>>> print(open('target06.txt').read())   # compact mmCIF, C-alpha atoms
# COMPACT_ATOMS: atom_id res chain seq x y z
CA MET A 1 10.49 15.80 18.14
CA SER A 2 12.08 12.97 16.13
CA TRP A 3 9.97 10.46 18.10
CA ILE A 4 6.78 12.41 17.33
CA ILE A 5 7.68 12.67 13.63
CA ARG A 6 8.16 8.90 13.44
CA LEU A 7 4.84 8.40 15.25
CA ILE A 8 3.13 10.57 12.61
CA LYS A 9 4.91 8.58 9.87
CA GLY A 10 3.42 5.42 11.37
CA VAL A 11 -0.06 6.94 11.22
CA VAL A 12 0.50 7.84 7.54
CA ILE A 13 1.85 4.37 6.68
CA ALA A 14 -1.28 2.89 8.30
CA LEU A 15 -3.19 4.42 5.39
CA GLY A 16 -1.46 1.84 3.18
CA PHE A 17 -3.03 -0.91 5.29
CA ILE A 18 -6.60 0.30 4.94
CA LEU A 19 -6.91 2.51 1.84
CA PRO A 20 -7.72 0.72 -1.44
CA GLY A 21 -5.03 1.30 -4.05
CA VAL A 22 -2.50 2.65 -1.55
CA SER A 23 0.71 0.78 -0.67
CA GLY A 24 2.28 0.94 2.77
CA GLY A 25 5.63 0.25 1.13
CA VAL A 26 5.27 3.27 -1.15
CA LEU A 27 4.32 5.46 1.80
CA ALA A 28 7.29 4.14 3.77
CA ALA A 29 9.55 4.93 0.80
CA ILE A 30 8.04 8.39 0.40
CA LEU A 31 8.62 9.06 4.11
CA GLY A 32 12.22 7.89 3.84
CA ILE A 33 12.17 4.86 6.16
CA TYR A 34 11.64 1.98 3.72
CA GLU A 35 15.28 0.95 3.22
CA ARG A 36 16.08 0.99 6.95
CA MET A 37 12.88 -0.95 7.67
CA LEU A 38 13.75 -3.57 5.07
CA SER A 39 17.29 -3.88 6.45
CA PHE A 40 15.93 -4.30 9.98
CA LEU A 41 13.50 -7.03 8.93
CA ALA A 42 16.09 -8.84 6.81
CA HIS A 43 18.77 -8.72 9.53
CA ILE A 44 16.68 -8.56 12.68
CA ARG A 45 19.53 -9.52 15.04
CA ARG A 46 21.88 -6.85 13.72
CA ASN A 47 21.49 -3.55 15.60
CA PHE A 48 18.27 -4.93 17.07
CA LYS A 49 17.99 -2.54 20.00
CA ALA A 50 18.68 0.62 17.97
CA ASP A 51 16.35 -0.39 15.15
CA PHE A 52 13.63 -1.55 17.53
CA LEU A 53 13.67 1.76 19.39
CA TYR A 54 13.69 3.63 16.08
CA PHE A 55 10.63 1.80 14.73
CA LEU A 56 8.73 1.60 18.04
CA PRO A 57 6.95 4.96 17.52
CA VAL A 58 6.30 3.99 13.87
CA GLY A 59 4.56 0.82 15.07
CA ILE A 60 2.57 2.69 17.71
CA GLY A 61 1.57 5.26 15.09
CA GLY A 62 0.52 2.47 12.74
CA ILE A 63 -1.79 0.90 15.34
CA LEU A 64 -3.24 4.30 16.27
CA GLY A 65 -3.69 5.19 12.60
CA ILE A 66 -5.52 1.94 11.85
CA GLY A 67 -7.87 2.35 14.81
CA LEU A 68 -8.52 6.07 14.40
CA LEU A 69 -8.81 6.20 10.61
CA SER A 70 -10.94 3.09 10.07
CA ARG A 71 -14.14 4.67 11.38
CA PRO A 72 -14.12 7.84 9.22
CA LEU A 73 -12.88 5.84 6.23
CA GLU A 74 -15.73 3.38 6.59
CA PHE A 75 -18.16 6.32 6.66
CA LEU A 76 -16.58 8.09 3.67
CA LEU A 77 -16.48 4.96 1.54
CA ALA A 78 -20.09 4.19 2.42
CA HIS A 79 -21.38 7.65 1.52
CA TYR A 80 -18.83 9.18 -0.89
CA GLN A 81 -17.16 6.15 -2.45
CA VAL A 82 -16.64 7.54 -5.96
CA ILE A 83 -15.18 10.84 -4.73
CA VAL A 84 -12.88 9.17 -2.19
CA LEU A 85 -11.55 6.49 -4.54
CA TRP A 86 -10.85 9.00 -7.31
CA GLY A 87 -8.97 11.13 -4.75
CA PHE A 88 -6.92 8.07 -3.78
CA ALA A 89 -6.19 7.36 -7.44
CA GLY A 90 -4.95 10.92 -7.93
CA ALA A 91 -2.57 10.56 -4.99
CA ILE A 92 -1.18 7.32 -6.41
CA VAL A 93 -0.67 8.85 -9.86
CA GLY A 94 1.14 11.74 -8.16
CA SER A 95 3.62 9.29 -6.68
CA LEU A 96 4.39 7.61 -10.02
CA PRO A 97 7.01 10.15 -11.24
CA ALA A 98 9.12 9.46 -8.13
CA LEU A 99 8.86 5.69 -8.69
CA TRP A 100 9.69 6.19 -12.39
CA GLN A 101 12.81 8.14 -11.44
CA GLU A 102 13.81 5.62 -8.79
CA ALA A 103 13.49 2.78 -11.32
CA GLU A 104 16.29 4.33 -13.38
CA SER A 105 18.39 5.62 -10.49
CA ARG A 106 21.00 2.82 -10.68
CA SER A 107 20.94 1.77 -14.31
CA LYS A 108 19.58 3.07 -17.59
CA ARG A 109 16.15 1.80 -18.60
CA ASP A 110 16.39 -0.95 -21.24
CA LYS A 111 14.09 -3.22 -23.27
CA VAL A 112 13.90 -5.80 -20.50
CA ASP A 113 12.67 -3.12 -18.08
CA TRP A 114 9.97 -2.10 -20.56
CA THR A 115 8.98 -5.76 -20.92
CA TRP A 116 8.70 -6.11 -17.15
CA LEU A 117 6.63 -2.94 -16.91
CA ILE A 118 4.18 -3.68 -19.72
CA GLY A 119 3.94 -7.39 -18.93
CA THR A 120 3.31 -6.77 -15.23
CA PHE A 121 0.68 -4.15 -16.04
CA VAL A 122 -1.27 -6.41 -18.42
CA ILE A 123 -0.99 -9.57 -16.30
CA SER A 124 -1.92 -7.70 -13.10
CA LEU A 125 -4.98 -6.21 -14.78
CA ILE A 126 -6.16 -9.64 -15.90
CA ILE A 127 -5.42 -11.48 -12.63
CA LEU A 128 -6.78 -8.84 -10.26
CA TYR A 129 -9.94 -8.32 -12.28
CA THR A 130 -10.72 -12.03 -12.68
CA LEU A 131 -9.87 -13.12 -9.10
CA PRO A 132 -13.47 -12.71 -7.87
CA TYR A 133 -14.72 -14.86 -10.74
CA ILE A 134 -12.22 -17.60 -9.92
CA PHE A 135 -12.20 -17.68 -6.11
CA GLY A 136 -15.30 -15.76 -5.09
CA THR A 137 -15.20 -14.18 -1.63
CA LEU A 138 -13.63 -15.72 1.46
CA PRO A 139 -15.33 -16.06 4.88
CA ALA A 140 -13.97 -13.66 7.49
CA ASN A 141 -12.39 -15.76 10.26
CA PHE A 142 -9.12 -16.21 12.16
CA ALA A 143 -7.42 -18.13 9.33
CA THR A 144 -8.41 -15.73 6.55
CA PHE A 145 -7.31 -12.75 8.64
CA ILE A 146 -3.87 -14.41 8.91
CA LEU A 147 -3.88 -14.35 5.09
CA ALA A 148 -4.93 -10.68 5.25
CA GLY A 149 -1.97 -9.95 7.54
CA ALA A 150 0.41 -11.64 5.12
CA LEU A 151 -0.96 -9.55 2.23
CA ILE A 152 -0.63 -6.36 4.29
CA ALA A 153 3.00 -7.26 5.07
CA LEU A 154 3.70 -7.84 1.38
CA GLY A 155 2.22 -4.41 0.72
CA VAL A 156 4.87 -2.98 3.05
CA LEU A 157 7.75 -5.09 1.70
CA VAL A 158 6.84 -4.52 -1.97
CA PRO A 159 6.35 -0.80 -2.64
CA GLY A 160 3.43 -0.36 -5.00
CA LEU A 161 1.57 -3.50 -3.98
CA SER A 162 -1.78 -2.52 -2.44
CA PRO A 163 -3.11 -5.21 -0.09
CA SER A 164 -6.45 -3.42 0.26
CA ASN A 165 -7.16 -4.00 -3.42
CA LEU A 166 -6.68 -7.75 -2.97
CA LEU A 167 -8.69 -7.75 0.27
CA LEU A 168 -11.54 -5.96 -1.50
CA ILE A 169 -11.49 -8.59 -4.23
CA LEU A 170 -11.45 -11.45 -1.69
CA GLY A 171 -14.27 -9.93 0.39
CA LEU A 172 -12.16 -9.44 3.53
CA TYR A 173 -11.83 -5.67 3.39
CA SER A 174 -15.08 -4.58 5.05
CA PRO A 175 -14.87 -7.18 7.87
CA MET A 176 -11.27 -6.10 8.49
CA LEU A 177 -12.23 -2.42 8.58
CA THR A 178 -15.06 -3.17 11.02
CA GLY A 179 -12.65 -5.09 13.26
CA PHE A 180 -10.13 -2.26 13.18
CA LYS A 181 -12.85 0.29 13.97
CA ASN A 182 -13.97 -1.75 16.99
CA PHE A 183 -10.37 -2.49 18.10
CA ASP A 184 -11.11 -6.24 17.98
CA LEU A 185 -7.74 -7.34 19.32
CA VAL A 186 -8.32 -11.10 19.44
CA ASN A 187 -10.27 -11.86 16.27
CA VAL A 188 -8.79 -9.25 13.90
CA PHE A 189 -5.62 -7.56 15.18
CA LEU A 190 -4.02 -10.79 16.48
CA PRO A 191 -4.36 -12.95 13.33
CA ILE A 192 -3.38 -10.03 11.11
CA ALA A 193 -0.29 -9.45 13.28
CA ILE A 194 0.60 -13.17 13.09
CA GLY A 195 0.27 -13.22 9.30
CA GLY A 196 2.17 -9.95 8.94
CA ILE A 197 5.10 -10.99 11.13
CA LEU A 198 5.43 -14.39 9.42
CA ALA A 199 5.38 -12.85 5.93
CA MET A 200 7.91 -10.17 6.86
CA LEU A 201 10.32 -12.69 8.37
CA LEU A 202 9.97 -15.01 5.38
CA PHE A 203 10.24 -12.46 2.55
CA ALA A 204 12.30 -9.52 3.87
CA LYS A 205 15.68 -11.07 2.98
CA THR A 206 14.43 -11.99 -0.50
CA MET A 207 13.16 -8.48 -1.12
CA GLU A 208 16.39 -6.92 0.11
CA HIS A 209 18.41 -9.23 -2.17
CA LEU A 210 16.25 -8.40 -5.19
CA LEU A 211 16.60 -4.66 -4.59
CA GLU A 212 20.37 -5.04 -4.37
CA THR A 213 20.77 -7.23 -7.46
CA GLN A 214 17.71 -6.44 -9.64
CA HIS A 215 16.83 -2.91 -8.57
CA SER A 216 15.63 -1.69 -11.97
CA ARG A 217 13.59 -4.83 -12.72
CA VAL A 218 11.91 -4.74 -9.29
CA PHE A 219 10.84 -1.12 -9.62
CA HIS A 220 9.48 -1.60 -13.15
CA PHE A 221 7.57 -4.58 -11.80
CA ILE A 222 6.25 -2.33 -9.02
CA LEU A 223 5.29 0.37 -11.52
CA GLY A 224 3.25 -2.16 -13.49
CA ILE A 225 1.36 -3.28 -10.36
CA VAL A 226 0.75 0.31 -9.23
CA ALA A 227 -0.62 1.31 -12.62
CA ALA A 228 -2.86 -1.76 -12.86
CA SER A 229 -4.23 -1.47 -9.32
CA THR A 230 -4.92 2.25 -9.83
CA VAL A 231 -6.96 1.53 -12.94
CA LEU A 232 -8.89 -1.28 -11.24
CA ILE A 233 -10.00 0.68 -8.19
CA LEU A 234 -11.85 2.96 -10.63
CA VAL A 235 -13.37 0.17 -12.76
CA PRO A 236 -16.60 -1.50 -11.52
CA ASN A 237 -16.45 -5.26 -11.05
CA HIS A 238 -19.95 -6.67 -10.61
CA GLN A 239 -18.57 -9.92 -9.22
CA SER A 240 -17.06 -8.07 -6.24
CA ALA A 241 -19.50 -6.63 -3.69
CA GLU A 242 -16.91 -4.06 -2.58
CA SER A 243 -16.02 -2.75 -6.06
CA ILE A 244 -16.62 0.89 -6.95
CA SER A 245 -20.15 1.65 -8.12
CA TYR A 246 -21.20 4.67 -10.16
CA ALA A 247 -24.93 3.95 -9.72
CA GLY A 248 -26.77 7.08 -8.66
CA SER A 249 -23.78 9.35 -9.29
CA GLY A 250 -24.76 12.76 -10.63
CA VAL A 251 -22.91 15.68 -12.15
CA LEU A 252 -21.94 17.03 -8.71
CA THR A 253 -20.36 13.70 -7.78
CA PHE A 254 -18.19 13.68 -10.90
CA VAL A 255 -17.22 17.34 -10.44
CA LEU A 256 -16.16 16.66 -6.85
CA ALA A 257 -14.37 13.49 -7.96
CA ALA A 258 -12.40 15.55 -10.50
CA ILE A 259 -11.52 18.14 -7.86
CA PHE A 260 -10.35 15.52 -5.37
CA THR A 261 -8.40 13.74 -8.09
CA VAL A 262 -6.45 16.95 -8.71
CA LEU A 263 -5.97 17.45 -4.96
CA GLY A 264 -4.79 13.86 -4.64
CA LEU A 265 -2.40 14.34 -7.55
CA TRP A 266 -0.96 17.43 -5.87
CA LEU A 267 -0.62 15.54 -2.57
CA GLY A 268 1.21 12.65 -4.23
CA LEU A 269 3.63 14.98 -6.02
CA TRP A 270 4.21 16.98 -2.84
CA MET A 271 4.96 13.86 -0.76
CA SER A 272 7.37 12.62 -3.43
CA ARG A 273 9.24 15.93 -3.42
CA LEU A 274 9.30 15.84 0.37
CA GLU A 275 10.89 12.39 0.31
CA GLU A 276 13.54 13.55 -2.19
CA ARG A 277 14.36 16.58 -0.03
CA TYR A 278 14.92 14.55 3.14
CA LYS A 279 16.54 11.43 1.64
>>> encode(input="target06.txt", output="structure tokens")
Amino acid sequence: MSWIIRLIKGVVIALGFILPGVSGGVLAAILGIYERMLSFLAHIRRNFKADFLYFLPVGIGGILGIGLLSRPLEFLLAHYQVIVLWGFAGAIVGSLPALWQEAESRSKRDKVDWTWLIGTFVISLIILYTLPYIFGTLPANFATFILAGALIALGVLVPGLSPSNLLLILGLYSPMLTGFKNFDLVNVFLPIAIGGILAMLLFAKTMEHLLETQHSRVFHFILGIVAASTVLILVPNHQSAESISYAGSGVLTFVLAAIFTVLGLWLGLWMSRLEERYK
């Protein structure tokens, strides 16, 4: 049963790889495996066998989740983009209270924390919104999918960072989703795996050190990124072909978007409470 539960957790964490505005790291934290995962990646030789066997079903679940969820997600985003993205935003907002509480779990919130939070929010808004104007979109090839893998890994290592948002902005999201849907092992899965493994090995120790020594600052930084990315997935950006578009949306669309936002909010709050119960 424990193996099956970890497999299901892997499927859920896969949502953070492919859903805009959703962080695999946040989902891993919500499901209670983030700290052990970070410790494993930062000290891969220590307790390698036990940790490898523990995370094996998580990895299998992640691959299954990516392959199985990409097809319906592609369909939903193509036909019900506004409703789906507002539902995602609600789920993210529902997870914010848990992150807010975690940010103050080791030390009282001070002026520096507020500076980190507000500064990160404002700077993230500006950078993420203007990226398409500065860099345009990237061609989808082996090299750029290595970059995509590195961004996905950072989304796991840094709770709150959504790689899908960045991939949308860079124009790599739809080609990646198509590759996942078709189980393109050589041209999509392989370079993404290479980029992900390299990024995890390079940054896991740094992230672990920062959480040990600057826990409050890191989580206020994360809160700023989460808030900014949540706002931006709901704001049209005409320079990005994959940005949300409200063209043709009627009253029914906005009513359904409001309903799914509330459902998403409830889901985020429920998952946060579930994490707290089983910590």
>>> residues_around(input="target06.txt", residues="Met200 (chain A)", least_positions_apart="3", cutoff="8 Å", atoms="all atoms listed in the file", output="PyMOL selection string")
chain A and resi 41+150+153-154+157+196-197+203-204
>>> residues_around(input="target06.txt", residues="Gly195 (chain A)", least_positions_apart="4", cutoff="9 Å", atoms="only C-alpha atoms", output="count of residues only")
13
>>> closest_residue(input="target06.txt", among="A:Gly32, A:Pro139, A:Gly65, A:Pro132", to="Leu166 (chain A)", atoms="only C-alpha atoms")
A:Pro132
>>> residues_around(input="target06.txt", residues="Phe40 (chain A)", least_positions_apart="6", cutoff="10 Å", atoms="all atoms listed in the file", output="list in words")
Tyr34, Arg46, Asn47, Phe48, Ala50, Asp51, Phe52, Phe55, Ala204 and Lys205 of chain A
>>> write_last_selection(input="target06.txt", atoms="C-alpha atoms", output="PDB file, in the coordinates of the input")
ATOM      1  CA  TYR A  34      11.640   1.980   3.720  1.00  0.00           C
ATOM      2  CA  ARG A  46      21.880  -6.850  13.720  1.00  0.00           C
ATOM      3  CA  ASN A  47      21.490  -3.550  15.600  1.00  0.00           C
ATOM      4  CA  PHE A  48      18.270  -4.930  17.070  1.00  0.00           C
ATOM      5  CA  ALA A  50      18.680   0.620  17.970  1.00  0.00           C
ATOM      6  CA  ASP A  51      16.350  -0.390  15.150  1.00  0.00           C
ATOM      7  CA  PHE A  52      13.630  -1.550  17.530  1.00  0.00           C
ATOM      8  CA  PHE A  55      10.630   1.800  14.730  1.00  0.00           C
ATOM      9  CA  ALA A 204      12.300  -9.520   3.870  1.00  0.00           C
ATOM     10  CA  LYS A 205      15.680 -11.070   2.980  1.00  0.00           C
TER      11      LYS A 205
END
>>> atom_distance(input="target06.txt", atom1="CA of Thr230 (chain A)", atom2="CA of Leu170 (chain A)")
17.2 Å
>>> atom_distance(input="target06.txt", atom1="CA of Glu74 (chain A)", atom2="CA of Leu131 (chain A)")
23.5 Å
>>> residues_around(input="target06.txt", residues="Leu68 (chain A)", least_positions_apart="6", cutoff="12 Å", atoms="only C-alpha atoms", output="ChimeraX atom specification")
/A:11-12,14-15,18,61-62,74,177-183
>>> residues_around(input="target06.txt", residues="Ala227 (chain A)", least_positions_apart="6", cutoff="12 Å", atoms="all atoms listed in the file", output="number ranges by chain")
A: 21-22, 89-90, 92-97, 99-100, 117-125, 160-162, 220-221, 233-234
>>> closest_residue(input="target06.txt", among="A:Phe88, A:Val186, A:Ile4, A:Asn237", to="Leu128 (chain A)", atoms="only C-alpha atoms")
A:Asn237
>>> atom_distance(input="target06.txt", atom1="CA of Arg36 (chain A)", atom2="CA of Arg273 (chain A)")
19.4 Å
>>> residues_near_point(input="target06.txt", point="(13.2, -2.4, -9.5)", cutoff="12 Å", atoms="all atoms listed in the file", output="VMD selection string")
chain A and resid 99 to 109 112 to 114 116 to 117 158 to 160 207 to 225
